[in-house]
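Text of coords-v2.cif, listed as mmCIF, C-alpha atoms:
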```
data_target
loop_
_atom_site.label_atom_id
_atom_site.label_comp_id
_atom_site.auth_asym_id
_atom_site.auth_seq_id
_atom_site.Cartn_x
_atom_site.Cartn_y
_atom_site.Cartn_z
CA MET A 1 -0.20 15.00 5.64
CA ASN A 2 2.30 17.01 7.67
CA ILE A 3 3.47 15.01 10.66
CA GLN A 4 5.30 16.34 13.70
CA SER A 5 7.04 13.78 15.90
CA ASN A 6 8.25 14.29 19.44
CA GLN A 7 11.77 14.26 18.01
CA GLY A 8 11.06 17.44 16.06
CA PHE A 9 10.99 16.00 12.52
CA ASN A 10 8.42 17.18 9.98
CA TYR A 11 7.07 14.77 7.38
CA THR A 12 4.80 15.11 4.40
CA LEU A 13 2.58 12.27 3.23
CA GLY A 14 1.61 12.30 -0.44
CA PHE A 15 -1.46 10.62 -1.89
CA GLY A 16 -2.72 10.19 -5.44
CA LEU A 17 -5.44 8.50 -7.51
CA ARG A 18 -5.36 6.92 -10.94
CA LYS A 19 -8.45 6.02 -12.96
CA PHE A 20 -10.62 6.43 -9.88
CA ARG A 21 -14.02 8.06 -10.46
CA ALA A 22 -13.36 11.57 -11.91
CA PHE A 23 -9.55 11.24 -11.90
CA GLN A 24 -7.56 9.79 -14.75
CA ASP A 25 -4.39 10.76 -12.87
CA SER A 26 -4.61 13.19 -9.97
CA GLY A 27 -0.86 13.41 -9.51
CA THR A 28 0.44 13.28 -5.95
CA PHE A 29 -0.70 15.91 -3.48
CA PRO A 30 0.12 16.45 0.22
CA LEU A 31 -2.35 15.67 2.99
CA ALA A 32 -2.26 17.85 6.09
CA PRO A 33 -4.26 17.86 9.34
CA LEU A 34 -6.31 20.65 7.75
CA THR A 35 -6.53 20.30 3.97
CA CYS A 36 -8.79 22.52 1.86
CA ILE A 37 -10.01 21.06 -1.42
CA VAL A 38 -11.54 23.61 -3.77
CA GLY A 39 -13.13 22.98 -7.14
CA ALA A 40 -16.27 23.02 -9.24
CA ASN A 41 -19.16 20.66 -8.57
CA SER A 42 -18.46 17.07 -9.70
CA SER A 43 -14.75 17.84 -10.16
CA GLY A 44 -13.66 15.01 -7.85
CA LYS A 45 -13.26 16.67 -4.44
CA SER A 46 -15.12 13.96 -2.54
CA SER A 47 -13.28 11.20 -4.42
CA ILE A 48 -10.10 11.89 -2.46
CA ILE A 49 -11.70 11.16 0.92
CA THR A 50 -13.79 8.35 -0.56
CA ALA A 51 -10.68 6.55 -1.82
CA LEU A 52 -9.12 6.63 1.65
CA LEU A 53 -12.35 5.36 3.22
CA LEU A 54 -12.53 2.61 0.60
CA LEU A 55 -9.06 1.39 1.51
CA LYS A 56 -9.82 1.67 5.23
CA GLN A 57 -12.99 -0.42 5.05
CA SER A 58 -11.16 -2.95 2.87
CA LEU A 59 -8.48 -3.28 5.54
CA GLU A 60 -11.11 -4.00 8.16
CA GLN A 61 -12.67 -6.98 6.41
CA ASP A 62 -12.27 -10.51 7.75
CA VAL A 63 -10.40 -11.90 4.76
CA VAL A 64 -10.35 -15.69 4.64
CA SER A 65 -8.62 -16.18 1.30
CA SER A 66 -4.89 -16.42 0.75
CA ARG A 67 -5.19 -15.40 -2.91
CA GLY A 68 -5.19 -11.68 -2.25
CA SER A 69 -7.66 -9.26 -0.74
CA PRO A 70 -10.42 -7.58 -2.79
CA LEU A 71 -11.43 -3.98 -2.34
CA THR A 72 -14.64 -3.71 -0.34
CA LEU A 73 -16.61 -1.31 -2.52
CA ASN A 74 -19.63 -1.31 -0.22
CA GLY A 75 -19.22 -1.20 3.55
CA ALA A 76 -19.49 0.83 6.73
CA TYR A 77 -17.73 3.94 5.45
CA CYS A 78 -18.78 4.24 1.79
CA GLU A 79 -21.18 2.67 -0.72
CA LEU A 80 -19.65 2.78 -4.18
CA GLY A 81 -21.67 0.24 -6.15
CA SER A 82 -19.79 -1.87 -8.70
CA PHE A 83 -16.30 -1.66 -10.19
CA SER A 84 -17.83 -0.05 -13.28
CA ASP A 85 -19.26 2.72 -11.07
CA VAL A 86 -15.84 3.48 -9.59
CA VAL A 87 -13.35 3.10 -12.44
CA PHE A 88 -12.62 6.15 -14.65
CA ARG A 89 -15.19 6.51 -17.44
CA HIS A 90 -16.67 3.11 -16.47
CA ASN A 91 -13.91 1.33 -18.38
CA GLU A 92 -13.83 -2.10 -16.74
CA ARG A 93 -10.64 -3.01 -18.62
CA ALA A 94 -8.78 -0.27 -16.75
CA GLN A 95 -7.23 -0.54 -13.30
CA ILE A 96 -7.88 1.65 -10.28
CA GLY A 97 -4.66 3.05 -8.81
CA LEU A 98 -3.81 4.30 -5.31
CA VAL A 99 -0.45 5.99 -4.78
CA PHE A 100 1.34 6.83 -1.52
CA GLU A 101 4.58 8.77 -1.09
CA ILE A 102 5.96 8.37 2.42
CA PRO A 103 9.24 9.68 3.88
CA LEU A 104 11.70 7.03 4.97
CA ALA A 105 12.15 8.99 8.19
CA ALA A 106 8.43 8.60 9.01
CA ILE A 107 8.37 4.80 8.87
CA LEU A 108 11.49 4.65 11.06
CA ASP A 109 9.99 7.06 13.63
CA GLU A 110 7.20 4.78 14.89
CA PRO A 111 5.06 5.26 16.89
CA TYR A 112 5.37 9.05 16.99
CA SER A 113 4.54 9.62 13.34
CA ARG A 114 1.24 7.74 13.38
CA VAL A 115 -1.32 10.49 12.91
CA PRO A 116 -4.79 9.64 11.52
CA ILE A 117 -5.54 10.74 7.97
CA VAL A 118 -9.23 11.11 8.78
CA SER A 119 -10.50 11.11 12.37
CA LEU A 120 -13.74 9.12 12.58
CA ALA A 121 -16.13 8.70 15.49
CA ILE A 122 -17.37 5.39 14.04
CA PRO A 123 -16.46 2.42 16.31
CA ARG A 124 -13.93 0.18 14.62
CA SER A 125 -14.39 -3.54 14.17
CA PRO A 126 -12.38 -5.83 16.46
CA LEU A 127 -11.14 -7.46 13.24
CA MET A 128 -8.88 -4.43 12.78
CA ARG A 129 -6.08 -6.14 14.70
CA ARG A 130 -4.04 -8.00 12.11
CA PRO A 131 -2.07 -11.11 13.10
CA SER A 132 1.51 -10.68 14.25
CA ILE A 133 2.91 -12.29 11.10
CA TYR A 134 2.06 -9.05 9.31
CA TYR A 135 4.69 -7.20 11.31
CA GLN A 136 7.34 -9.80 11.95
CA HIS A 137 10.67 -10.05 10.15
CA TYR A 138 12.65 -13.09 9.23
CA SER A 139 15.71 -13.86 11.31
CA ARG A 140 18.45 -13.14 8.78
CA GLU A 141 20.80 -10.21 9.40
CA ARG A 142 18.72 -7.34 10.79
CA SER A 143 21.53 -5.05 11.86
CA VAL A 144 21.68 -3.56 8.36
CA LYS A 145 21.34 0.22 8.46
CA LEU A 146 18.38 1.77 6.68
CA PRO A 147 18.60 5.18 4.97
CA ALA A 148 16.85 7.97 6.84
CA ASN A 149 16.40 10.34 3.89
CA GLY A 150 14.26 10.15 0.78
CA TYR A 151 10.80 8.82 0.03
CA ILE A 152 9.10 5.52 -0.61
CA LYS A 153 6.54 5.48 -3.41
CA VAL A 154 3.91 2.76 -3.24
CA GLU A 155 1.69 2.22 -6.29
CA LEU A 156 -1.26 -0.18 -5.93
CA SER A 157 -3.37 -1.17 -8.94
CA PHE A 158 -6.68 -3.03 -8.72
CA ALA A 159 -8.41 -4.83 -11.60
CA THR A 160 -12.04 -5.96 -11.71
CA ASP A 161 -11.06 -9.66 -11.35
CA GLU A 162 -14.51 -11.27 -11.44
CA PRO A 163 -15.93 -13.20 -9.64
CA PHE A 164 -13.78 -12.29 -6.62
CA GLY A 165 -14.07 -8.50 -6.77
CA PRO A 166 -11.42 -5.87 -7.54
CA SER A 167 -8.11 -7.12 -6.14
CA ILE A 168 -4.45 -6.21 -6.45
CA SER A 169 -3.18 -6.77 -9.97
CA GLU A 170 0.04 -4.78 -9.78
CA LEU A 171 2.22 -3.53 -6.95
CA LYS A 172 5.24 -1.30 -7.28
CA VAL A 173 7.48 -0.01 -4.49
CA THR A 174 10.24 2.50 -5.30
CA ILE A 175 12.72 3.42 -2.58
CA ASP A 176 14.87 6.54 -2.87
CA ASN A 177 18.58 5.85 -2.51
CA VAL A 178 17.96 2.09 -2.31
CA ASP A 179 16.09 -0.02 -4.84
CA GLY A 180 12.67 -0.91 -6.15
CA VAL A 181 10.47 -3.83 -7.08
CA ARG A 182 7.38 -4.32 -9.23
CA PHE A 183 5.00 -7.28 -9.14
CA VAL A 184 2.54 -7.91 -11.98
CA ARG A 185 -0.22 -10.54 -11.83
CA THR A 186 -0.39 -12.54 -15.05
CA ILE A 187 -3.35 -14.82 -14.26
CA LYS A 188 -6.70 -13.18 -13.45
CA GLY A 189 -10.03 -14.57 -12.39
CA LYS A 190 -8.52 -17.73 -10.90
CA ARG A 191 -7.68 -18.69 -7.34
CA LYS A 192 -4.23 -19.86 -8.34
CA GLN A 193 -2.22 -16.82 -9.35
CA HIS A 194 1.09 -16.19 -10.98
CA TRP A 195 3.14 -13.06 -10.42
CA ARG A 196 6.06 -11.71 -12.40
CA THR A 197 8.74 -9.84 -10.49
CA TYR A 198 10.76 -6.94 -11.84
CA ALA A 199 13.43 -5.53 -9.53
CA PHE A 200 15.94 -2.75 -10.08
CA GLY A 201 19.09 -2.21 -8.06
CA ILE A 202 18.90 -5.78 -6.74
CA PRO A 203 18.74 -9.22 -8.42
CA SER A 204 15.46 -9.45 -10.34
CA LYS A 205 14.03 -12.46 -8.45
CA SER A 206 15.41 -11.72 -4.99
CA LEU A 207 12.00 -10.66 -3.61
CA GLU A 208 8.63 -12.37 -3.81
CA LEU A 209 5.02 -11.63 -2.95
CA ARG A 210 3.24 -13.64 -0.24
CA PHE A 211 -0.41 -13.50 0.74
CA VAL A 212 -1.50 -14.22 4.29
CA ARG A 213 -5.01 -14.94 5.51
CA SER A 214 -6.78 -12.01 7.20
CA VAL A 215 -4.18 -9.53 5.94
CA PHE A 216 -5.05 -7.06 3.21
CA PHE A 217 -1.61 -6.01 2.01
CA PRO A 218 0.65 -8.75 0.65
CA ILE A 219 4.00 -9.36 2.32
CA ILE A 220 7.12 -8.67 0.28
CA ALA A 221 9.73 -11.18 1.39
CA VAL A 222 13.19 -12.34 0.40
CA ARG A 223 13.41 -15.34 -1.89
CA ASP A 224 15.97 -17.44 0.00
CA SER A 225 17.32 -19.26 -3.06
CA GLU A 226 18.32 -15.94 -4.68
CA TYR A 227 19.50 -14.38 -1.43
CA ASN A 228 21.87 -17.25 -0.71
CA LYS A 229 23.50 -16.86 -4.12
CA ALA A 230 24.08 -13.11 -3.73
CA GLY A 231 27.30 -11.49 -2.56
CA PRO A 232 27.55 -9.39 0.64
CA HIS A 233 26.78 -6.13 -1.19
CA TYR A 234 23.54 -7.42 -2.70
CA LYS A 235 22.55 -9.27 0.48
CA ARG A 236 22.62 -5.94 2.31
CA ARG A 237 20.56 -4.21 -0.40
CA ILE A 238 18.05 -7.06 -0.57
CA THR A 239 17.61 -6.98 3.20
CA GLN A 240 17.17 -3.19 3.14
CA ALA A 241 14.50 -3.44 0.45
CA GLU A 242 12.60 -6.18 2.31
CA MET A 243 12.64 -4.32 5.62
CA ILE A 244 11.54 -1.02 4.10
CA CYS A 245 8.68 -2.69 2.20
CA ARG A 246 7.42 -4.29 5.40
CA TYR A 247 7.74 -1.03 7.35
CA VAL A 248 5.87 1.00 4.75
CA PHE A 249 2.86 -1.34 4.58
CA ARG A 250 2.76 -1.51 8.37
CA TYR A 251 2.81 2.29 8.38
CA ILE A 252 -0.07 2.64 5.89
CA ASP A 253 -2.05 -0.03 7.73
CA ARG A 254 -1.65 1.65 11.10
CA VAL A 255 -2.37 5.18 9.89
CA LEU A 256 -5.60 4.05 8.25
CA ALA A 257 -6.51 1.88 11.24
CA ASP A 258 -6.15 4.88 13.55
CA SER A 259 -8.27 7.10 11.28
#
```

Take the structure in this file and express it as structure tokens.
Amino acid sequence: MNIQSNQGFNYTLGFGLRKFRAFQDSGTFPLAPLTCIVGANSSGKSSIITALLLLKQSLEQDVVSSRGSPLTLNGAYCELGSFSDVVFRHNERAQIGLVFEIPLAAILDEPYSRVPIVSLAIPRSPLMRRPSIYYQHYSRERSVKLPANGYIKVELSFATDEPFGPSISELKVTIDNVDGVRFVRTIKGKRKQHWRTYAFGIPSKSLELRFVRSVFFPIIAVRDSEYNKAGPHYKRRITQAEMICRYVFRYIDRVLADS
């Protein structure tokens, strides 16, 4: 998606699919206000829009669990059947992947950069308004400067996870010129979960994943015990990573909500 703000900046939003319907790995492609998708019948053209609608209708659900939010395969915007119907080659041991590449400048240019991916005339549920905790920041040093150049790559993987439905099993955020973090779920099919954290550029356990009721995306937050042990250099980098992760999920949430 090419985005023009009132400050004159141009942004490009990238989107990609992994093991989703006809795509094993689509790679990342730009979305623009007018995007032409050309290909043979059953080559996966409709899967691109369907994946965005799937995420949108999942965001709109009234989630009551704090264990993580499942994808809503059947809802107001698309009817996809079961996980086996959606995953590449019906391999239920595989994971569906959604990938976003978003410019750092775009998430810092709110609200001007919020342009819908898909404009819909369908009335949106009042449940679309997430609680304020989704957007708030903790009160540690917030004067740290964030980089304005580069991209953030968000990779979301969803496993079948019966009986709860396909939910997040892996989350990776890579930040150009800053750092990155990867969370992998090690216990599946149970309400009590355990996540392993792999960070690069910052102490490995300095960030953690938190799930909040009625919020689809998890919150990536600083682990205070690790933050307090870090020196000034790493405290700044940890704070940058936390803030950018929160901004990018807020950005994705709002763009889809406005679609």

Atom pair atom CA of Ile202 of chain A + atom CA of Leu146 of chain A, distance 15.4 Å

Which neighbours of segment 245-251 of chain A fall inside 7 Å, counting only C-alpha atoms, when residues of the same chain fewer than 2 positions from it are skipped, and could you give them as a ChimeraX atom specification? /A:107,135,217,219-220,241-243,253-255

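Shortest separation to Val184 of chain A among A:Leu209, A:Ser46, A:Ser204, A:Ala51 occurs at residue A:Leu209, atoms counted being all atoms listed in the file.
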
Point out the residue among A:Val222, A:Leu31, A:Leu17, A:Ala106 with the least atom-to-atom distance to Gly44 of chain A, counting only C-alpha atoms. A:Leu17

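Note that the spacing between atom CA of Gly150 of chain A and atom CA of Pro103 of chain A amounts to 5.9 Å.
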
Interatomic distance (Å, one decimal) between atom CA of Ala230 of chain A and atom CA of Leu171 of chain A: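 Atom-to-atom, atom CA of Ala230 of chain A and atom CA of Leu171 of chain A are spaced 24.1 Å apart.
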
What lies within 12 Å of Pro203 of chain A using all atoms listed in the file, ignoring chain neighbours under 5 positions off, as a list in words?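 Counting all atoms listed in the file, the residues come to Asp179, Gly180, Val181, Thr197, Tyr198, Glu208, Val222, Arg223, Ser225, Glu226, Tyr227, Asn228, Lys229, Ala230, Gly231, His233, Tyr234, Lys235, Arg236, Arg237, Ile238, Thr239 and Ala241 of chain A.
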
Counting only C-alpha atoms, write as a VMD selection string all protein and nucleic acid residues lying at most 9 Å from (-12.3, -3.6, -14.2) in the file's frame. chain A and resid 83 to 84 87 90 to 96 158 to 162 166

Selected residue, from A:Arg182, A:Arg196, A:Ser167, A:Ser58, that lies nearest to Lys153 of chain A when counting only C-alpha atoms: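 Ranked by minimum distance to Lys153 of chain A, first place goes to A:Arg182.
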
Leu156 of chain A surroundings by all atoms listed in the file, 7 Å radius, close-in-sequence under 4 positions cut, as a PyMOL selection string: chain A and resi 97-99+168+170-172

A:Pro70, A:Gly165, A:Gly27, A:Pro147: which is nearest Ile244 of chain A, counting all atoms listed in the file? A:Pro147

Using only C-alpha atoms, pick whichever of A:Val144, A:Phe183, A:Asn149, A:Arg213 has the shortest atom-to-atom distance to Pro232 of chain A.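 Nearest candidate to Pro232 of chain A out of A:Val144, A:Phe183, A:Asn149, A:Arg213: A:Val144.
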
With all atoms listed in the file as the atoms that count, which of A:Val154, A:Ile102, A:Phe88, A:Pro218 lies nearest to Asp25 of chain A?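 Going through A:Val154, A:Ile102, A:Phe88, A:Pro218 one by one, the smallest distance to Asp25 of chain A is for A:Phe88.
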
With 4 Å added on each side, what axis-aligned box encloses every listed atom of segment 77-86 of chain A? Give the centre and edge lengths in Å to one decimal, as lines of an AutoDock Vina configuration file.
```
center_x = -18.8
center_y = 1.2
center_z = -3.9
size_x = 13.8
size_y = 14.1
size_z = 26.7
```

What's around Leu80 of chain A at 12 Å? Count only C-alpha atoms, leave out sequence neighbours fewer than 3 positions away in its own chain, and write the answer as an MDAnalysis selection string. chainID A and resid 20:21 47 50:51 53:54 57 71:77 83:87

Just segment 36-49 of chain A, please, as a PDB file, in the first residue's frame (only C-alpha atoms).
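The resulting out-v9.pdb:
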```
ATOM      1  CA  CYS A  36      -4.075  -5.287 -10.009  1.00  0.00           C
ATOM      2  CA  ILE A  37      -3.645  -9.003  -9.405  1.00  0.00           C
ATOM      3  CA  VAL A  38      -3.307 -11.048 -12.578  1.00  0.00           C
ATOM      4  CA  GLY A  39      -3.015 -14.811 -12.873  1.00  0.00           C
ATOM      5  CA  ALA A  40      -4.568 -18.043 -14.055  1.00  0.00           C
ATOM      6  CA  ASN A  41      -7.719 -19.439 -12.487  1.00  0.00           C
ATOM      7  CA  SER A  42      -7.130 -20.986  -9.033  1.00  0.00           C
ATOM      8  CA  SER A  43      -3.650 -19.439  -8.837  1.00  0.00           C
ATOM      9  CA  GLY A  44      -4.374 -17.705  -5.521  1.00  0.00           C
ATOM     10  CA  LYS A  45      -5.523 -14.205  -6.518  1.00  0.00           C
ATOM     11  CA  SER A  46      -8.504 -14.168  -4.161  1.00  0.00           C
ATOM     12  CA  SER A  47      -6.433 -15.606  -1.306  1.00  0.00           C
ATOM     13  CA  ILE A  48      -4.654 -12.279  -0.831  1.00  0.00           C
ATOM     14  CA  ILE A  49      -7.860 -10.364  -0.087  1.00  0.00           C
TER      15      ILE A  49
END
```
